[in-house]
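Data block for structure.txt (compact mmCIF, C-alpha atoms):
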# COMPACT_ATOMS: atom_id res chain seq x y z
CA MET A 1 -3.52 26.88 -32.38
CA SER A 2 -1.17 23.92 -31.85
CA ALA A 3 0.21 21.91 -34.72
CA THR A 4 -1.06 18.38 -35.26
CA ILE A 5 1.55 15.80 -34.39
CA VAL A 6 1.81 12.96 -36.88
CA LEU A 7 3.24 9.67 -35.67
CA ASP A 8 4.02 6.69 -37.83
CA ALA A 9 3.21 3.18 -36.59
CA LEU A 10 6.77 2.62 -35.38
CA ASP A 11 6.79 5.84 -33.30
CA SER A 12 3.47 4.79 -31.79
CA ARG A 13 4.84 1.36 -30.86
CA ILE A 14 7.97 2.93 -29.34
CA LEU A 15 5.90 5.35 -27.25
CA SER A 16 3.61 2.54 -26.13
CA GLN A 17 6.58 0.41 -25.04
CA LEU A 18 8.18 3.32 -23.15
CA ALA A 19 4.90 4.26 -21.47
CA ALA A 20 4.65 0.70 -20.15
CA ASN A 21 8.32 0.54 -19.10
CA SER A 22 10.55 3.59 -19.46
CA ASP A 23 13.46 1.58 -18.08
CA LEU A 24 13.94 -0.39 -21.32
CA THR A 25 17.42 -0.37 -22.80
CA SER A 26 17.79 0.54 -26.46
CA ALA A 27 18.43 -3.14 -27.17
CA GLU A 28 15.25 -4.25 -25.39
CA LEU A 29 13.19 -1.50 -27.02
CA GLY A 30 14.63 -2.29 -30.45
CA GLU A 31 13.83 -5.97 -30.04
CA ALA A 32 10.26 -5.17 -28.98
CA VAL A 33 9.58 -2.94 -32.01
CA GLY A 34 11.80 -4.56 -34.64
CA LEU A 35 14.76 -2.16 -34.75
CA SER A 36 18.45 -2.38 -34.02
CA PRO A 37 19.51 -0.87 -30.68
CA SER A 38 21.13 2.14 -32.39
CA ALA A 39 18.07 2.79 -34.56
CA ALA A 40 15.81 2.55 -31.50
CA HIS A 41 18.07 4.99 -29.66
CA ARG A 42 17.94 7.47 -32.58
CA ARG A 43 14.15 7.23 -32.81
CA VAL A 44 13.78 7.88 -29.07
CA ALA A 45 16.13 10.89 -29.32
CA THR A 46 14.02 12.27 -32.18
CA LEU A 47 10.80 11.75 -30.19
CA ARG A 48 12.37 13.64 -27.28
CA GLU A 49 13.49 16.49 -29.56
CA ARG A 50 9.96 16.74 -30.99
CA GLY A 51 8.59 17.08 -27.45
CA LEU A 52 6.70 13.79 -27.49
CA ILE A 53 8.67 12.42 -24.54
CA ALA A 54 8.56 14.94 -21.72
CA GLY A 55 10.80 13.01 -19.35
CA TYR A 56 11.30 9.86 -17.33
CA ARG A 57 10.66 9.19 -13.68
CA ALA A 58 10.49 6.42 -11.15
CA VAL A 59 6.95 5.52 -10.13
CA LEU A 60 7.14 4.83 -6.41
CA SER A 61 4.96 2.14 -4.91
CA ARG A 62 2.34 3.04 -2.32
CA ALA A 63 4.56 1.35 0.29
CA ALA A 64 7.50 3.60 -0.66
CA ARG A 65 5.22 6.64 -0.31
CA GLY A 66 4.13 5.63 3.21
CA ASP A 67 0.98 3.71 2.18
CA PRO A 68 -1.07 6.92 1.92
CA SER A 69 -4.82 7.34 1.76
CA THR A 70 -6.08 9.21 -1.29
CA VAL A 71 -8.50 12.11 -1.00
CA LEU A 72 -9.91 14.02 -3.98
CA VAL A 73 -10.76 17.58 -3.03
CA ASN A 74 -12.97 19.97 -4.98
CA VAL A 75 -11.88 23.56 -4.37
CA THR A 76 -14.23 26.47 -5.01
CA LEU A 77 -12.66 29.92 -4.96
CA ARG A 78 -14.52 33.04 -3.79
CA ASP A 79 -14.23 34.43 -7.35
CA GLN A 80 -12.62 33.56 -10.68
CA ARG A 81 -10.61 36.73 -11.12
CA GLU A 82 -7.22 36.19 -12.71
CA GLU A 83 -5.34 37.41 -9.63
CA THR A 84 -7.32 35.11 -7.29
CA MET A 85 -6.62 32.06 -9.44
CA ALA A 86 -2.95 33.00 -9.91
CA ALA A 87 -2.47 33.40 -6.14
CA PHE A 88 -4.05 30.00 -5.50
CA GLU A 89 -1.92 28.33 -8.17
CA ARG A 90 1.30 29.89 -6.86
CA GLU A 91 0.64 28.50 -3.37
CA ILE A 92 -0.67 25.04 -4.31
CA VAL A 93 2.64 24.02 -5.91
CA ASP A 94 4.28 24.18 -2.47
CA CYS A 95 1.76 21.84 -0.79
CA ARG A 96 3.69 18.59 -0.49
CA GLU A 97 0.54 16.53 0.16
CA VAL A 98 -1.00 17.61 -3.16
CA ARG A 99 0.10 15.16 -5.86
CA GLU A 100 -1.95 16.73 -8.67
CA CYS A 101 -4.02 19.88 -9.16
CA PHE A 102 -6.41 20.40 -12.06
CA LEU A 103 -8.28 23.53 -13.16
CA MET A 104 -11.82 22.28 -13.74
CA SER A 105 -15.03 23.18 -15.49
CA GLY A 106 -18.31 22.76 -13.63
CA GLU A 107 -19.11 23.56 -10.00
CA ALA A 108 -15.61 23.41 -8.53
CA ASP A 109 -12.74 25.53 -9.77
CA TYR A 110 -9.99 22.99 -8.98
CA MET A 111 -9.69 19.29 -8.22
CA LEU A 112 -6.83 18.18 -6.00
CA HIS A 113 -5.39 14.70 -5.62
CA VAL A 114 -4.17 14.64 -2.02
CA GLU A 115 -2.22 11.85 -0.37
CA VAL A 116 -2.38 11.47 3.40
CA ARG A 117 0.52 9.51 4.87
CA ARG A 118 -0.13 7.05 7.69
CA ASP A 119 1.63 9.36 10.17
CA ASP A 120 -0.61 12.32 9.24
CA THR A 121 -4.33 13.17 9.18
CA PHE A 122 -6.53 14.76 6.57
CA GLU A 123 -7.96 16.96 9.30
CA ARG A 124 -4.54 18.57 9.78
CA ILE A 125 -4.00 18.99 6.03
CA HIS A 126 -7.48 20.52 5.67
CA ARG A 127 -7.10 22.86 8.66
CA GLU A 128 -3.46 23.92 8.30
CA THR A 129 -2.91 23.82 4.55
CA LEU A 130 -5.90 23.63 2.23
CA SER A 131 -8.27 26.00 4.04
CA ARG A 132 -5.49 28.61 4.26
CA LEU A 133 -4.82 28.75 0.53
CA PRO A 134 -5.56 32.14 -1.05
CA GLY A 135 -9.09 32.63 -2.36
CA VAL A 136 -10.57 29.39 -1.01
CA ALA A 137 -14.30 29.67 -0.32
CA ARG A 138 -15.21 25.97 -0.11
CA LEU A 139 -13.56 22.56 0.06
CA ALA A 140 -15.43 19.31 -0.66
CA SER A 141 -13.49 16.15 0.14
CA HIS A 142 -14.02 12.68 -1.33
CA PHE A 143 -12.13 9.76 0.21
CA VAL A 144 -11.00 7.07 -2.21
CA ILE A 145 -12.01 3.60 -1.05
CA ARG A 146 -10.09 1.62 -3.66
CA GLU A 147 -8.25 2.33 -6.90
CA VAL A 148 -9.88 0.37 -9.71
CA VAL A 149 -7.87 1.45 -12.81
CA ARG A 150 -4.63 3.40 -13.20
CA ARG A 151 -2.87 3.78 -16.51
CA GLY A 152 0.66 5.07 -16.94

Is it possible to express this structure as C-alpha cells?
Amino acid sequence: MSATIVLDALDSRILSQLAANSDLTSAELGEAVGLSPSAAHRRVATLRERGLIAGYRAVLSRAARGDPSTVLVNVTLRDQREETMAAFEREIVDCREVRECFLMSGEADYMLHVEVRRDDTFERIHRETLSRLPGVARLASHFVIREVVRRG
C-alpha cells in the first residue's frame, strides 16, 4: 500500500505553475506563488526529493514531430499469461511510432497511442510492427479526427 502524499496549498500552487510551464525560473515561480527565488528553488528541490516531480521535458509541437496522424490501437493478446504480457511489453518499448502504451481493463488488453508521420503509413506500421509483436491476437485501430482537449 502506498503512503498518502500530503501537499500544502503552496506546494499545490508550485506544482500547478510548473505543470503549466516547467521552464519558469525560480524568480518567475517565486513571483507567481509569493516566495523569494531562493525559497521557490528550495521548495522545488524538496518536491523533487519527495518524488512529486518526476522530471522535465520539452513538449514538441506537432510540426516538430512531422505533423503526424494519431491512431489509437486496442491490442488483444492470445492469452493473459504473465510471460505473454511480459514479452509484449518488452517489445513495445522499442516501437518508435508508439508514443504511449497502457495496460487496460475491459475487452482489449492494451491501448496504444500511435503517431504516423507524414512520410509513413499506418498500413506499414500495422503490417511490419504491430502485428508482429509477441502474443498479438487482434488489433483494432481508431483514427483520431481532431484533438479536443489535452492537459499537461

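Atom pair CA of Glu100 in chain A / CA of His113 in chain A: separated by 5.0 Å.
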
Box along x, y and z, 5 Å on every side, all listed atoms of range 47-51 of chain A inside: centre and edge lengths in Å to one decimal, as JSON.
{"center_x": 11.0, "center_y": 14.4, "center_z": -29.1, "size_x": 14.9, "size_y": 15.3, "size_z": 13.7}

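At a cut-off of 12 Å from (-12.0, 25.0, 3.1), the residue set is A:Val73, A:Asn74, A:Val75, A:Thr76, A:Leu77, A:Arg78, A:Glu123, A:Arg124, A:Ile125, A:His126, A:Arg127, A:Glu128, A:Thr129, A:Leu130, A:Ser131, A:Arg132, A:Leu133, A:Pro134, A:Gly135, A:Val136, A:Ala137, A:Arg138, A:Leu139, A:Ala140, A:Ser141 (counting all atoms listed in the file).
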
May I have the residues from that selection written out with C-alpha atoms, as a PDB file, keeping the file's coordinate frame?
ATOM      1  CA  VAL A  73     -10.760  17.580  -3.030  1.00  0.00           C
ATOM      2  CA  ASN A  74     -12.970  19.970  -4.980  1.00  0.00           C
ATOM      3  CA  VAL A  75     -11.880  23.560  -4.370  1.00  0.00           C
ATOM      4  CA  THR A  76     -14.230  26.470  -5.010  1.00  0.00           C
ATOM      5  CA  LEU A  77     -12.660  29.920  -4.960  1.00  0.00           C
ATOM      6  CA  ARG A  78     -14.520  33.040  -3.790  1.00  0.00           C
ATOM      7  CA  GLU A 123      -7.960  16.960   9.300  1.00  0.00           C
ATOM      8  CA  ARG A 124      -4.540  18.570   9.780  1.00  0.00           C
ATOM      9  CA  ILE A 125      -4.000  18.990   6.030  1.00  0.00           C
ATOM     10  CA  HIS A 126      -7.480  20.520   5.670  1.00  0.00           C
ATOM     11  CA  ARG A 127      -7.100  22.860   8.660  1.00  0.00           C
ATOM     12  CA  GLU A 128      -3.460  23.920   8.300  1.00  0.00           C
ATOM     13  CA  THR A 129      -2.910  23.820   4.550  1.00  0.00           C
ATOM     14  CA  LEU A 130      -5.900  23.630   2.230  1.00  0.00           C
ATOM     15  CA  SER A 131      -8.270  26.000   4.040  1.00  0.00           C
ATOM     16  CA  ARG A 132      -5.490  28.610   4.260  1.00  0.00           C
ATOM     17  CA  LEU A 133      -4.820  28.750   0.530  1.00  0.00           C
ATOM     18  CA  PRO A 134      -5.560  32.140  -1.050  1.00  0.00           C
ATOM     19  CA  GLY A 135      -9.090  32.630  -2.360  1.00  0.00           C
ATOM     20  CA  VAL A 136     -10.570  29.390  -1.010  1.00  0.00           C
ATOM     21  CA  ALA A 137     -14.300  29.670  -0.320  1.00  0.00           C
ATOM     22  CA  ARG A 138     -15.210  25.970  -0.110  1.00  0.00           C
ATOM     23  CA  LEU A 139     -13.560  22.560   0.060  1.00  0.00           C
ATOM     24  CA  ALA A 140     -15.430  19.310  -0.660  1.00  0.00           C
ATOM     25  CA  SER A 141     -13.490  16.150   0.140  1.00  0.00           C
TER      26      SER A 141
END

Computed gap from CA of Tyr56 in chain A to CA of Arg13 in chain A is 17.2 Å

Kindly indicate which residue among A:Val44, A:Val6, A:Ser69, A:Leu52 lies nearest to Ile145 in chain A, using all atoms listed in the file for the distances. A:Ser69

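Nearest-residue note for Glu31 in chain A: choosing from A:Ile14, A:Val149, A:Met104, A:Ala19, the minimum distance belongs to A:Ile14, counting all atoms listed in the file.
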
For Ala45 in chain A, which residue among A:Leu15, A:Asp120, A:Gln80, A:Phe102 is the nearest when counting all atoms listed in the file? A:Leu15

With distances taken over all atoms listed in the file, which residue among A:Arg151, A:Arg99, A:Arg90, A:His41 lies nearest Arg65 in chain A? A:Arg99

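With all atoms listed in the file as the basis for measurement, A:Leu72 is the residue among A:Met85, A:Ile92, A:Val33, A:Leu72 that approaches Met111 in chain A most closely.
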
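With distances restricted to all atoms listed in the file, A:Glu89 is the closest residue to Tyr110 in chain A from A:Glu89, A:Glu49, A:Glu147, A:Glu97.
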